[in-house]
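Structure, as structure tokens:
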Amino acid sequence: MYPMYIGYRRRKPKRWPWVLLLVVLAAAAAGIWYVYRYRPALLAQALARVPADKLPAELRPQPTATPTVHVPTAAEYLAEGDRLFNNGKMGEALQQYQKAIASDPMNAQAHADAALAMALRADYKGAVQEAQRAVEIDGQTADYQAILGMAQDWNDQAEQAVLTCLRAVDMDPKSVMAQAFLAEAYMDTDRLDQGKQAAQQAIALDPNNLWARRAAAYVYEKQGDYQNAINEYQRDLDNHPHMGFLCMAIGRNYAALEKYTEAIAAYQKAADIDPTDAQAYDAMGWAYYSQQDYERASVLLKKALDVDPNYTAAYGRLGVVYYVQRNYEEAINWLTQAIDKGTPREEYYYELGYSYIFLGDCDKATAPLKKALEIDPNCDVAKQGLAQCGIAVEGNETKKQ
């Protein structure tokens with residue numbers, strides 16, 4: 001008999017299912033890692049089908065961070081506007097002041113600053129409106145009243161400007177702006193002694209103030225003392241070298257002295273300070289016109305319109321340039337635009353009328369010639385033009401002959 005264990009083979013436990021399971025799990029983990037690392041879109045799509053509250057916290061979708069956008073305040077817009085203004089960039093400064101107004105419509109300072117920039121850019125009606133709004137919001141600040149007076153004066157409301165500036169002086173006799181703009185308004189209403197006195201008062205308050213020194217120069221200019229006016233404007237410009245409107249004033253006085261080379265140089269300096277200001281190109285163009293250099297005049301006047309299509313003065317001047325060159329078709333084009341855009345000058349009407357006469361069209365010439373007579377009943381040029389078209393003028397009436 002053999003022992004019981006002889007010939008008995010003990011079976012080894014079957015381990016392969018566990019190994020297979022580990023292999024499967026490892027492969028699954030590798031697949032998940034691959035998708036997580038290289039195909040995150042697939043993982044996101046799969047997770048999107050699972051309710052967020054069923055996911056582990058680390059896999060739950062997180063809110064997207066949005067960058068904080070800083071919205072400038074009215075004060076910040078004003079500060080940037082002042083920086084641009086002090087560098088002579090009046091157009092860009094105006095944009096900042098307008099943004100300040102949009103941010104805070106009840107900000108009187110923003111309206112006043114916008115009015116000043118508008119006046120310096122030859123938008124006189126807009127300047128009056130903005131300055132009036134500043135005064136409506138804050139009627140107790142002398143400088144706002146003074147800016148309104150200045151805007152009124154430049155908008156051909158000199159008598160009203162005197163009253164407004166006097167109101168500013170009453171509010172604050174030490175307001176340099178009030179005294180300076182009062183001096184200018186007095187000079188524009190031919191009250192020369194009062195103008196001199198107000199300018200002297202402004203200088204006494206602050207001899208280096210931009211507006212005080214400009215007022216002193218303007219007193220000389222209105223008296224026809226152009227050289228002393230140039231000296232005063234230049235002194236002001238030395239203290240405030242980025243103020244292009246002072247260059248314009250210097251050029252204007254040189255032109256009055258018929259020193260056109262110096263005038264053009266001053267206008268060019270204004271254009272260099274602010275290339276977006278149409279006034280400098282317009283003035284240069286007119287200086288060349290005064291020297292009978294009509295080609296260069298037309299180029300520069302068109303440059304003014306390229307810079308600012310709303311600068312109405314250049315339309316009329318272009319019409320005059322073409323008229324004197326006997327290019328009547330172009331003269332009609334530009335003079336008509338000048339009138340349509342709100343520059344109804346007597347000269348533009350009668351030159352428009354004569355342009356039609358020289359082209360043999362009296363029917364179209366009659367209306368503008370009559371309009372010139374409405375503006376000035378003593379306009380002999382318009383009367384002569386109507387006579388050429390067979391229309392007699394008796395008193396204020398015209399009759400077909």
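To be explicit about the labels: the chains of the structure tokens are called A, B, and onward in the order shown, and within each one the residues are counted from 1, while ligands get numbers from 1 in the order they are shown.
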
Applying 9 Å and only C-alpha atoms, which residues near Ile264 of chain A remain after dropping the ones on its own chain fewer than 4 positions away? List them as a PyMOL selection string. chain A and resi 251+254-255+259-260+268-269+283-285+287-288

Now that the selection is made, can you save its residues with N, CA and C atoms as a PDB file, in the first residue's frame?
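After the write, part-v4.pdb holds the following:
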```pdb
ATOM      1  N   GLY A 251       0.353 135.002 -37.389  1.00  0.00           N
ATOM      2  CA  GLY A 251       0.243 134.993 -38.846  1.00  0.00           C
ATOM      3  C   GLY A 251      -0.765 136.010 -39.350  1.00  0.00           C
ATOM      4  N   TYR A 254       0.874 139.395 -39.294  1.00  0.00           N
ATOM      5  CA  TYR A 254       1.858 139.526 -40.373  1.00  0.00           C
ATOM      6  C   TYR A 254       1.149 139.738 -41.715  1.00  0.00           C
ATOM      7  N   ALA A 255       0.033 139.027 -41.912  1.00  0.00           N
ATOM      8  CA  ALA A 255      -0.722 139.196 -43.154  1.00  0.00           C
ATOM      9  C   ALA A 255      -1.265 140.617 -43.269  1.00  0.00           C
ATOM     10  N   LYS A 259       3.219 140.943 -44.861  1.00  0.00           N
ATOM     11  CA  LYS A 259       4.440 140.142 -44.764  1.00  0.00           C
ATOM     12  C   LYS A 259       4.034 138.677 -44.858  1.00  0.00           C
ATOM     13  N   TYR A 260       3.760 138.255 -46.087  1.00  0.00           N
ATOM     14  CA  TYR A 260       3.121 136.957 -46.275  1.00  0.00           C
ATOM     15  C   TYR A 260       4.064 135.781 -46.007  1.00  0.00           C
ATOM     16  N   GLN A 268       2.146 127.702 -40.733  1.00  0.00           N
ATOM     17  CA  GLN A 268       2.726 126.362 -40.831  1.00  0.00           C
ATOM     18  C   GLN A 268       3.071 125.817 -39.445  1.00  0.00           C
ATOM     19  N   LYS A 269       3.548 126.692 -38.574  1.00  0.00           N
ATOM     20  CA  LYS A 269       3.853 126.257 -37.214  1.00  0.00           C
ATOM     21  C   LYS A 269       2.583 125.799 -36.501  1.00  0.00           C
ATOM     22  N   ALA A 283      -5.810 129.361 -43.669  1.00  0.00           N
ATOM     23  CA  ALA A 283      -5.096 130.645 -43.592  1.00  0.00           C
ATOM     24  C   ALA A 283      -3.900 130.669 -44.538  1.00  0.00           C
ATOM     25  N   MET A 284      -3.175 129.557 -44.628  1.00  0.00           N
ATOM     26  CA  MET A 284      -2.053 129.500 -45.568  1.00  0.00           C
ATOM     27  C   MET A 284      -2.544 129.672 -47.002  1.00  0.00           C
ATOM     28  N   GLY A 285      -3.656 128.997 -47.309  1.00  0.00           N
ATOM     29  CA  GLY A 285      -4.212 129.111 -48.645  1.00  0.00           C
ATOM     30  C   GLY A 285      -4.593 130.537 -48.988  1.00  0.00           C
ATOM     31  N   ALA A 287      -3.347 133.241 -47.676  1.00  0.00           N
ATOM     32  CA  ALA A 287      -2.129 134.044 -47.804  1.00  0.00           C
ATOM     33  C   ALA A 287      -1.549 133.901 -49.203  1.00  0.00           C
ATOM     34  N   TYR A 288      -1.558 132.684 -49.754  1.00  0.00           N
ATOM     35  CA  TYR A 288      -1.080 132.493 -51.125  1.00  0.00           C
ATOM     36  C   TYR A 288      -2.012 133.178 -52.122  1.00  0.00           C
TER      37      TYR A 288
END
```

Write down as an mmCIF file with N, CA and C atoms, in the first residue's frame the residues of segment 157-295 of chain A whose backbone DSSP state falls under alpha helix (DSSP H).
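That gives us part.cif:
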```cif
data_model
loop_
_atom_site.group_PDB
_atom_site.id
_atom_site.type_symbol
_atom_site.label_atom_id
_atom_site.label_comp_id
_atom_site.auth_asym_id
_atom_site.auth_seq_id
_atom_site.Cartn_x
_atom_site.Cartn_y
_atom_site.Cartn_z
ATOM 1 N N ALA A 158 -21.097 140.249 -29.922
ATOM 2 C CA ALA A 158 -20.181 141.008 -29.070
ATOM 3 C C ALA A 158 -20.902 141.772 -27.965
ATOM 4 N N GLU A 159 -22.040 142.386 -28.280
ATOM 5 C CA GLU A 159 -22.760 143.151 -27.257
ATOM 6 C C GLU A 159 -23.222 142.242 -26.121
ATOM 7 N N GLN A 160 -23.742 141.077 -26.483
ATOM 8 C CA GLN A 160 -24.148 140.121 -25.454
ATOM 9 C C GLN A 160 -22.936 139.627 -24.671
ATOM 10 N N ALA A 161 -21.802 139.489 -25.365
ATOM 11 C CA ALA A 161 -20.580 139.032 -24.707
ATOM 12 C C ALA A 161 -20.136 140.004 -23.628
ATOM 13 N N VAL A 162 -20.262 141.307 -23.879
ATOM 14 C CA VAL A 162 -19.889 142.309 -22.874
ATOM 15 C C VAL A 162 -20.705 142.106 -21.602
ATOM 16 N N LEU A 163 -21.994 141.925 -21.746
ATOM 17 C CA LEU A 163 -22.864 141.743 -20.575
ATOM 18 C C LEU A 163 -22.504 140.468 -19.815
ATOM 19 N N THR A 164 -22.248 139.401 -20.559
ATOM 20 C CA THR A 164 -21.905 138.127 -19.912
ATOM 21 C C THR A 164 -20.580 138.234 -19.168
ATOM 22 N N CYS A 165 -19.587 138.870 -19.792
ATOM 23 C CA CYS A 165 -18.280 139.013 -19.140
ATOM 24 C C CYS A 165 -18.356 139.949 -17.939
ATOM 25 N N LEU A 166 -19.175 140.986 -18.020
ATOM 26 C CA LEU A 166 -19.371 141.854 -16.854
ATOM 27 C C LEU A 166 -19.979 141.069 -15.702
ATOM 28 N N ARG A 167 -20.881 140.176 -16.018
ATOM 29 C CA ARG A 167 -21.465 139.321 -14.983
ATOM 30 C C ARG A 167 -20.377 138.460 -14.339
ATOM 31 N N ALA A 168 -19.461 137.950 -15.160
ATOM 32 C CA ALA A 168 -18.359 137.134 -14.640
ATOM 33 C C ALA A 168 -17.455 137.952 -13.730
ATOM 34 N N VAL A 169 -17.156 139.187 -14.131
ATOM 35 C CA VAL A 169 -16.308 140.056 -13.309
ATOM 36 C C VAL A 169 -16.993 140.381 -11.982
ATOM 37 N N ASP A 170 -18.294 140.607 -12.018
ATOM 38 C CA ASP A 170 -19.026 140.877 -10.779
ATOM 39 C C ASP A 170 -18.952 139.691 -9.829
ATOM 40 N N MET A 171 -19.000 138.498 -10.380
ATOM 41 C CA MET A 171 -18.909 137.290 -9.551
ATOM 42 C C MET A 171 -17.530 137.163 -8.917
ATOM 43 N N VAL A 176 -9.045 135.981 -14.057
ATOM 44 C CA VAL A 176 -8.263 136.463 -15.198
ATOM 45 C C VAL A 176 -9.039 136.265 -16.498
ATOM 46 N N MET A 177 -9.694 135.124 -16.611
ATOM 47 C CA MET A 177 -10.492 134.859 -17.814
ATOM 48 C C MET A 177 -11.558 135.929 -18.004
ATOM 49 N N ALA A 178 -12.239 136.264 -16.922
ATOM 50 C CA ALA A 178 -13.317 137.249 -17.017
ATOM 51 C C ALA A 178 -12.793 138.589 -17.511
ATOM 52 N N GLN A 179 -11.685 139.053 -16.947
ATOM 53 C CA GLN A 179 -11.118 140.341 -17.352
ATOM 54 C C GLN A 179 -10.589 140.280 -18.787
ATOM 55 N N ALA A 180 -9.944 139.184 -19.139
ATOM 56 C CA ALA A 180 -9.349 139.058 -20.471
ATOM 57 C C ALA A 180 -10.424 139.019 -21.558
ATOM 58 N N PHE A 181 -11.457 138.210 -21.348
ATOM 59 C CA PHE A 181 -12.506 138.100 -22.364
ATOM 60 C C PHE A 181 -13.379 139.353 -22.399
ATOM 61 N N LEU A 182 -13.477 140.050 -21.271
ATOM 62 C CA LEU A 182 -14.185 141.328 -21.255
ATOM 63 C C LEU A 182 -13.416 142.345 -22.105
ATOM 64 N N ALA A 183 -12.094 142.343 -21.980
ATOM 65 C CA ALA A 183 -11.274 143.256 -22.785
ATOM 66 C C ALA A 183 -11.514 143.020 -24.272
ATOM 67 N N GLU A 184 -11.538 141.754 -24.679
ATOM 68 C CA GLU A 184 -11.739 141.439 -26.091
ATOM 69 C C GLU A 184 -13.126 141.879 -26.556
ATOM 70 N N ALA A 185 -14.144 141.622 -25.732
ATOM 71 C CA ALA A 185 -15.505 142.020 -26.107
ATOM 72 C C ALA A 185 -15.627 143.536 -26.205
ATOM 73 N N TYR A 186 -14.991 144.249 -25.299
ATOM 74 C CA TYR A 186 -15.001 145.722 -25.379
ATOM 75 C C TYR A 186 -14.352 146.191 -26.680
ATOM 76 N N MET A 187 -13.215 145.604 -27.037
ATOM 77 C CA MET A 187 -12.533 146.012 -28.259
ATOM 78 C C MET A 187 -13.399 145.722 -29.488
ATOM 79 N N ASP A 188 -14.147 144.616 -29.458
ATOM 80 C CA ASP A 188 -14.986 144.258 -30.600
ATOM 81 C C ASP A 188 -16.250 145.104 -30.684
ATOM 82 N N LEU A 192 -12.719 151.205 -26.829
ATOM 83 C CA LEU A 192 -11.290 150.956 -26.751
ATOM 84 C C LEU A 192 -10.711 151.244 -25.371
ATOM 85 N N ASP A 193 -11.094 152.331 -24.762
ATOM 86 C CA ASP A 193 -10.538 152.672 -23.450
ATOM 87 C C ASP A 193 -10.912 151.622 -22.411
ATOM 88 N N GLN A 194 -12.159 151.176 -22.458
ATOM 89 C CA GLN A 194 -12.577 150.142 -21.504
ATOM 90 C C GLN A 194 -11.878 148.817 -21.792
ATOM 91 N N GLY A 195 -11.637 148.549 -23.066
ATOM 92 C CA GLY A 195 -10.924 147.335 -23.432
ATOM 93 C C GLY A 195 -9.497 147.344 -22.907
ATOM 94 N N LYS A 196 -8.819 148.485 -23.081
ATOM 95 C CA LYS A 196 -7.450 148.601 -22.562
ATOM 96 C C LYS A 196 -7.421 148.399 -21.049
ATOM 97 N N GLN A 197 -8.387 149.005 -20.371
ATOM 98 C CA GLN A 197 -8.413 148.918 -18.909
ATOM 99 C C GLN A 197 -8.616 147.479 -18.456
ATOM 100 N N ALA A 198 -9.523 146.767 -19.097
ATOM 101 C CA ALA A 198 -9.772 145.377 -18.718
ATOM 102 C C ALA A 198 -8.546 144.507 -19.000
ATOM 103 N N ALA A 199 -7.878 144.764 -20.129
ATOM 104 C CA ALA A 199 -6.672 143.995 -20.445
ATOM 105 C C ALA A 199 -5.575 144.259 -19.431
ATOM 106 N N GLN A 200 -5.409 145.506 -19.036
ATOM 107 C CA GLN A 200 -4.420 145.843 -18.009
ATOM 108 C C GLN A 200 -4.739 145.169 -16.689
ATOM 109 N N GLN A 201 -6.021 145.083 -16.377
ATOM 110 C CA GLN A 201 -6.424 144.421 -15.139
ATOM 111 C C GLN A 201 -6.088 142.933 -15.193
ATOM 112 N N ALA A 202 -6.309 142.318 -16.352
ATOM 113 C CA ALA A 202 -5.969 140.896 -16.502
ATOM 114 C C ALA A 202 -4.471 140.673 -16.339
ATOM 115 N N ILE A 203 -3.658 141.543 -16.950
ATOM 116 C CA ILE A 203 -2.204 141.429 -16.839
ATOM 117 C C ILE A 203 -1.761 141.635 -15.393
ATOM 118 N N ALA A 204 -2.394 142.588 -14.700
ATOM 119 C CA ALA A 204 -2.036 142.843 -13.303
ATOM 120 C C ALA A 204 -2.323 141.623 -12.435
ATOM 121 N N LEU A 205 -3.374 140.896 -12.748
ATOM 122 C CA LEU A 205 -3.720 139.705 -11.967
ATOM 123 C C LEU A 205 -2.710 138.585 -12.192
ATOM 124 N N LEU A 210 -2.078 132.822 -19.984
ATOM 125 C CA LEU A 210 -2.319 132.672 -21.414
ATOM 126 C C LEU A 210 -3.325 133.690 -21.933
ATOM 127 N N TRP A 211 -4.464 133.808 -21.247
ATOM 128 C CA TRP A 211 -5.547 134.655 -21.734
ATOM 129 C C TRP A 211 -5.280 136.130 -21.462
ATOM 130 N N ALA A 212 -4.585 136.424 -20.371
ATOM 131 C CA ALA A 212 -4.262 137.822 -20.066
ATOM 132 C C ALA A 212 -3.330 138.404 -21.123
ATOM 133 N N ARG A 213 -2.262 137.679 -21.441
ATOM 134 C CA ARG A 213 -1.304 138.179 -22.425
ATOM 135 C C ARG A 213 -1.946 138.242 -23.815
ATOM 136 N N ARG A 214 -2.818 137.277 -24.104
ATOM 137 C CA ARG A 214 -3.506 137.312 -25.393
ATOM 138 C C ARG A 214 -4.410 138.544 -25.487
ATOM 139 N N ALA A 215 -5.071 138.905 -24.386
ATOM 140 C CA ALA A 215 -5.933 140.097 -24.381
ATOM 141 C C ALA A 215 -5.111 141.355 -24.662
ATOM 142 N N ALA A 216 -3.925 141.444 -24.054
ATOM 143 C CA ALA A 216 -3.056 142.601 -24.285
ATOM 144 C C ALA A 216 -2.663 142.692 -25.753
ATOM 145 N N ALA A 217 -2.378 141.544 -26.364
ATOM 146 C CA ALA A 217 -2.022 141.529 -27.785
ATOM 147 C C ALA A 217 -3.210 141.943 -28.649
ATOM 148 N N TYR A 218 -4.393 141.478 -28.267
ATOM 149 C CA TYR A 218 -5.577 141.778 -29.070
ATOM 150 C C TYR A 218 -5.904 143.267 -29.045
ATOM 151 N N VAL A 219 -5.632 143.921 -27.931
ATOM 152 C CA VAL A 219 -5.844 145.372 -27.854
ATOM 153 C C VAL A 219 -4.991 146.073 -28.903
ATOM 154 N N TYR A 220 -3.726 145.686 -29.015
ATOM 155 C CA TYR A 220 -2.861 146.268 -30.045
ATOM 156 C C TYR A 220 -3.403 145.966 -31.449
ATOM 157 N N GLU A 221 -3.813 144.718 -31.665
ATOM 158 C CA GLU A 221 -4.282 144.322 -32.986
ATOM 159 C C GLU A 221 -5.500 145.136 -33.409
ATOM 160 N N LYS A 222 -6.453 145.313 -32.507
ATOM 161 C CA LYS A 222 -7.671 146.049 -32.861
ATOM 162 C C LYS A 222 -7.392 147.530 -33.131
ATOM 163 N N TYR A 226 -0.021 146.422 -35.484
ATOM 164 C CA TYR A 226 0.195 144.997 -35.722
ATOM 165 C C TYR A 226 1.545 144.496 -35.229
ATOM 166 N N GLN A 227 2.562 145.311 -35.302
ATOM 167 C CA GLN A 227 3.869 144.847 -34.868
ATOM 168 C C GLN A 227 3.901 144.619 -33.360
ATOM 169 N N ASN A 228 3.325 145.560 -32.602
ATOM 170 C CA ASN A 228 3.269 145.343 -31.159
ATOM 171 C C ASN A 228 2.348 144.176 -30.803
ATOM 172 N N ALA A 229 1.328 143.997 -31.597
ATOM 173 C CA ALA A 229 0.462 142.833 -31.386
ATOM 174 C C ALA A 229 1.259 141.545 -31.579
ATOM 175 N N ILE A 230 2.062 141.499 -32.652
ATOM 176 C CA ILE A 230 2.903 140.326 -32.900
ATOM 177 C C ILE A 230 3.846 140.089 -31.726
ATOM 178 N N ASN A 231 4.437 141.147 -31.217
ATOM 179 C CA ASN A 231 5.370 141.014 -30.096
ATOM 180 C C ASN A 231 4.679 140.412 -28.872
ATOM 181 N N GLU A 232 3.458 140.894 -28.592
ATOM 182 C CA GLU A 232 2.724 140.382 -27.426
ATOM 183 C C GLU A 232 2.295 138.932 -27.629
ATOM 184 N N TYR A 233 1.809 138.622 -28.837
ATOM 185 C CA TYR A 233 1.417 137.232 -29.109
ATOM 186 C C TYR A 233 2.631 136.311 -29.004
ATOM 187 N N GLN A 234 3.790 136.789 -29.495
ATOM 188 C CA GLN A 234 4.997 135.969 -29.438
ATOM 189 C C GLN A 234 5.435 135.752 -28.000
ATOM 190 N N ARG A 235 5.304 136.772 -27.177
ATOM 191 C CA ARG A 235 5.644 136.630 -25.764
ATOM 192 C C ARG A 235 4.743 135.588 -25.105
ATOM 193 N N ASP A 236 3.472 135.624 -25.469
ATOM 194 C CA ASP A 236 2.537 134.636 -24.942
ATOM 195 C C ASP A 236 2.896 133.235 -25.433
ATOM 196 N N LEU A 237 3.275 133.141 -26.721
ATOM 197 C CA LEU A 237 3.640 131.844 -27.292
ATOM 198 C C LEU A 237 4.913 131.291 -26.655
ATOM 199 N N ASP A 238 5.840 132.167 -26.297
ATOM 200 C CA ASP A 238 7.062 131.712 -25.629
ATOM 201 C C ASP A 238 6.733 131.018 -24.310
ATOM 202 N N ASN A 239 5.714 131.511 -23.618
ATOM 203 C CA ASN A 239 5.297 130.908 -22.350
ATOM 204 C C ASN A 239 4.417 129.683 -22.548
ATOM 205 N N GLY A 244 -1.411 126.585 -30.697
ATOM 206 C CA GLY A 244 -1.413 126.898 -32.121
ATOM 207 C C GLY A 244 -2.230 128.129 -32.472
ATOM 208 N N PHE A 245 -3.266 128.439 -31.679
ATOM 209 C CA PHE A 245 -4.085 129.607 -32.006
ATOM 210 C C PHE A 245 -3.297 130.909 -31.826
ATOM 211 N N LEU A 246 -2.241 130.881 -31.007
ATOM 212 C CA LEU A 246 -1.367 132.054 -30.914
ATOM 213 C C LEU A 246 -0.525 132.200 -32.182
ATOM 214 N N CYS A 247 -0.102 131.066 -32.752
ATOM 215 C CA CYS A 247 0.603 131.116 -34.044
ATOM 216 C C CYS A 247 -0.311 131.696 -35.115
ATOM 217 N N MET A 248 -1.566 131.289 -35.069
ATOM 218 C CA MET A 248 -2.530 131.812 -36.045
ATOM 219 C C MET A 248 -2.672 133.326 -35.902
ATOM 220 N N ALA A 249 -2.702 133.807 -34.663
ATOM 221 C CA ALA A 249 -2.832 135.248 -34.434
ATOM 222 C C ALA A 249 -1.601 135.991 -34.947
ATOM 223 N N ILE A 250 -0.433 135.417 -34.730
ATOM 224 C CA ILE A 250 0.798 136.031 -35.238
ATOM 225 C C ILE A 250 0.750 136.102 -36.766
ATOM 226 N N GLY A 251 0.353 135.002 -37.389
ATOM 227 C CA GLY A 251 0.243 134.993 -38.846
ATOM 228 C C GLY A 251 -0.765 136.010 -39.350
ATOM 229 N N ARG A 252 -1.876 136.133 -38.658
ATOM 230 C CA ARG A 252 -2.910 137.092 -39.061
ATOM 231 C C ARG A 252 -2.374 138.520 -39.061
ATOM 232 N N ASN A 253 -1.568 138.847 -38.065
ATOM 233 C CA ASN A 253 -1.010 140.197 -37.983
ATOM 234 C C ASN A 253 0.094 140.427 -39.004
ATOM 235 N N TYR A 254 0.874 139.395 -39.294
ATOM 236 C CA TYR A 254 1.858 139.526 -40.373
ATOM 237 C C TYR A 254 1.149 139.738 -41.715
ATOM 238 N N ALA A 255 0.033 139.027 -41.912
ATOM 239 C CA ALA A 255 -0.722 139.196 -43.154
ATOM 240 C C ALA A 255 -1.265 140.617 -43.269
ATOM 241 N N ALA A 256 -1.688 141.182 -42.133
ATOM 242 C CA ALA A 256 -2.176 142.567 -42.146
ATOM 243 C C ALA A 256 -1.069 143.540 -42.539
ATOM 244 N N TYR A 260 3.760 138.255 -46.087
ATOM 245 C CA TYR A 260 3.121 136.957 -46.275
ATOM 246 C C TYR A 260 4.064 135.781 -46.007
ATOM 247 N N THR A 261 5.341 135.969 -46.255
ATOM 248 C CA THR A 261 6.286 134.888 -45.960
ATOM 249 C C THR A 261 6.278 134.566 -44.473
ATOM 250 N N GLU A 262 6.328 135.621 -43.652
ATOM 251 C CA GLU A 262 6.282 135.422 -42.200
ATOM 252 C C GLU A 262 4.924 134.880 -41.753
ATOM 253 N N ALA A 263 3.866 135.343 -42.398
ATOM 254 C CA ALA A 263 2.525 134.860 -42.053
ATOM 255 C C ALA A 263 2.405 133.372 -42.332
ATOM 256 N N ILE A 264 2.859 132.950 -43.505
ATOM 257 C CA ILE A 264 2.764 131.536 -43.872
ATOM 258 C C ILE A 264 3.593 130.677 -42.924
ATOM 259 N N ALA A 265 4.771 131.185 -42.514
ATOM 260 C CA ALA A 265 5.599 130.440 -41.563
ATOM 261 C C ALA A 265 4.875 130.253 -40.235
ATOM 262 N N ALA A 266 4.176 131.288 -39.787
ATOM 263 C CA ALA A 266 3.423 131.187 -38.533
ATOM 264 C C ALA A 266 2.271 130.201 -38.673
ATOM 265 N N TYR A 267 1.573 130.238 -39.799
ATOM 266 C CA TYR A 267 0.464 129.292 -40.031
ATOM 267 C C TYR A 267 0.983 127.856 -40.104
ATOM 268 N N GLN A 268 2.146 127.702 -40.733
ATOM 269 C CA GLN A 268 2.726 126.362 -40.831
ATOM 270 C C GLN A 268 3.071 125.817 -39.445
ATOM 271 N N LYS A 269 3.548 126.692 -38.574
ATOM 272 C CA LYS A 269 3.853 126.257 -37.214
ATOM 273 C C LYS A 269 2.583 125.799 -36.501
ATOM 274 N N ALA A 270 1.485 126.502 -36.739
ATOM 275 C CA ALA A 270 0.203 126.091 -36.153
ATOM 276 C C ALA A 270 -0.197 124.717 -36.685
ATOM 277 N N ALA A 271 -0.001 124.482 -37.992
ATOM 278 C CA ALA A 271 -0.330 123.185 -38.576
ATOM 279 C C ALA A 271 0.559 122.084 -38.025
ATOM 280 N N ASP A 272 1.817 122.402 -37.747
ATOM 281 C CA ASP A 272 2.734 121.416 -37.163
ATOM 282 C C ASP A 272 2.298 121.034 -35.756
ATOM 283 N N ILE A 273 1.795 121.995 -35.004
ATOM 284 C CA ILE A 273 1.345 121.713 -33.640
ATOM 285 C C ILE A 273 0.114 120.815 -33.656
ATOM 286 N N ALA A 278 -8.101 122.503 -39.461
ATOM 287 C CA ALA A 278 -8.253 123.024 -40.818
ATOM 288 C C ALA A 278 -7.910 124.503 -40.921
ATOM 289 N N GLN A 279 -8.006 125.237 -39.831
ATOM 290 C CA GLN A 279 -7.813 126.685 -39.877
ATOM 291 C C GLN A 279 -6.431 127.070 -40.397
ATOM 292 N N ALA A 280 -5.420 126.304 -40.028
ATOM 293 C CA ALA A 280 -4.059 126.643 -40.443
ATOM 294 C C ALA A 280 -3.905 126.521 -41.956
ATOM 295 N N TYR A 281 -4.439 125.445 -42.548
ATOM 296 C CA TYR A 281 -4.332 125.261 -44.001
ATOM 297 C C TYR A 281 -5.163 126.309 -44.734
ATOM 298 N N ASP A 282 -6.316 126.634 -44.180
ATOM 299 C CA ASP A 282 -7.166 127.665 -44.762
ATOM 300 C C ASP A 282 -6.432 129.008 -44.790
ATOM 301 N N ALA A 283 -5.810 129.361 -43.669
ATOM 302 C CA ALA A 283 -5.096 130.645 -43.592
ATOM 303 C C ALA A 283 -3.900 130.669 -44.538
ATOM 304 N N MET A 284 -3.175 129.557 -44.628
ATOM 305 C CA MET A 284 -2.053 129.500 -45.568
ATOM 306 C C MET A 284 -2.544 129.672 -47.002
ATOM 307 N N GLY A 285 -3.656 128.997 -47.309
ATOM 308 C CA GLY A 285 -4.212 129.111 -48.645
ATOM 309 C C GLY A 285 -4.593 130.537 -48.988
ATOM 310 N N TRP A 286 -5.195 131.238 -48.023
ATOM 311 C CA TRP A 286 -5.619 132.610 -48.283
ATOM 312 C C TRP A 286 -4.413 133.550 -48.398
ATOM 313 N N ALA A 287 -3.347 133.241 -47.676
ATOM 314 C CA ALA A 287 -2.129 134.044 -47.804
ATOM 315 C C ALA A 287 -1.549 133.901 -49.203
ATOM 316 N N TYR A 288 -1.558 132.684 -49.754
ATOM 317 C CA TYR A 288 -1.080 132.493 -51.125
ATOM 318 C C TYR A 288 -2.012 133.178 -52.122
ATOM 319 N N TYR A 289 -3.303 133.157 -51.849
ATOM 320 C CA TYR A 289 -4.264 133.868 -52.700
ATOM 321 C C TYR A 289 -3.925 135.358 -52.737
ATOM 322 N N SER A 290 -3.580 135.900 -51.562
ATOM 323 C CA SER A 290 -3.260 137.329 -51.498
ATOM 324 C C SER A 290 -2.026 137.673 -52.317
ATOM 325 N N TYR A 294 -2.610 131.307 -57.108
ATOM 326 C CA TYR A 294 -3.917 130.668 -56.985
ATOM 327 C C TYR A 294 -3.828 129.138 -56.951
ATOM 328 N N GLU A 295 -2.853 128.589 -57.613
ATOM 329 C CA GLU A 295 -2.717 127.130 -57.615
ATOM 330 C C GLU A 295 -2.410 126.610 -56.212
#
```

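The two atoms in question, atom CA of Val299 of chain A and atom CA of Leu318 of chain A, are spaced 9.4 Å apart.
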
With only C-alpha atoms as the atoms that count, which of A:Ala122, A:Ala313, A:Cys379, A:Ala112 lies nearest to Asp143 of chain A? A:Ala112

Given only C-alpha atoms as the counted atoms, nearest of A:Arg326, A:Lys303, A:Lys371, A:Lys341 to Asp277 of chain A: A:Lys303

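Atom pair atom CA of Gln129 of chain A / atom CA of Asp153 of chain A has a distance of 13.2 Å (rounded to one decimal).
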
Per DSSP on the backbone, filter segment 185-394 of chain A down to the residues in strand (DSSP E) and report them as JSON, numbers by chain. {"A": [391, 392, 393, 394]}

Using C-alpha atoms, can you export the residues from the last selection as a CSV table (one decimal), in the first residue's frame?
```
chain,number,residue,atom,x,y,z
A,391,ILE,CA,-33.5,144.0,-64.2
A,392,ALA,CA,-33.7,147.5,-62.8
A,393,VAL,CA,-33.4,148.2,-59.1
A,394,GLU,CA,-35.6,151.0,-57.6
```

Selection near Glu347 of chain A, 12 Å with only C-alpha atoms, sequence-local residues under 6 positions removed, as a ChimeraX atom specification: /A:316-317,319-320,323,335,338-339,353-354,368-369,371-373,375-376,379-382

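Take atom CA of Thr343 of chain A and atom CA of Tyr144 of chain A: the distance between them is 28.5 Å.
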
What's around Val135 of chain A at 9 Å? Count only C-alpha atoms, leave out sequence neighbours fewer than 2 positions away in its own chain, and write the answer as a PyMOL selection string. chain A and resi 108+111-112+130-133+137-141+144-145+148
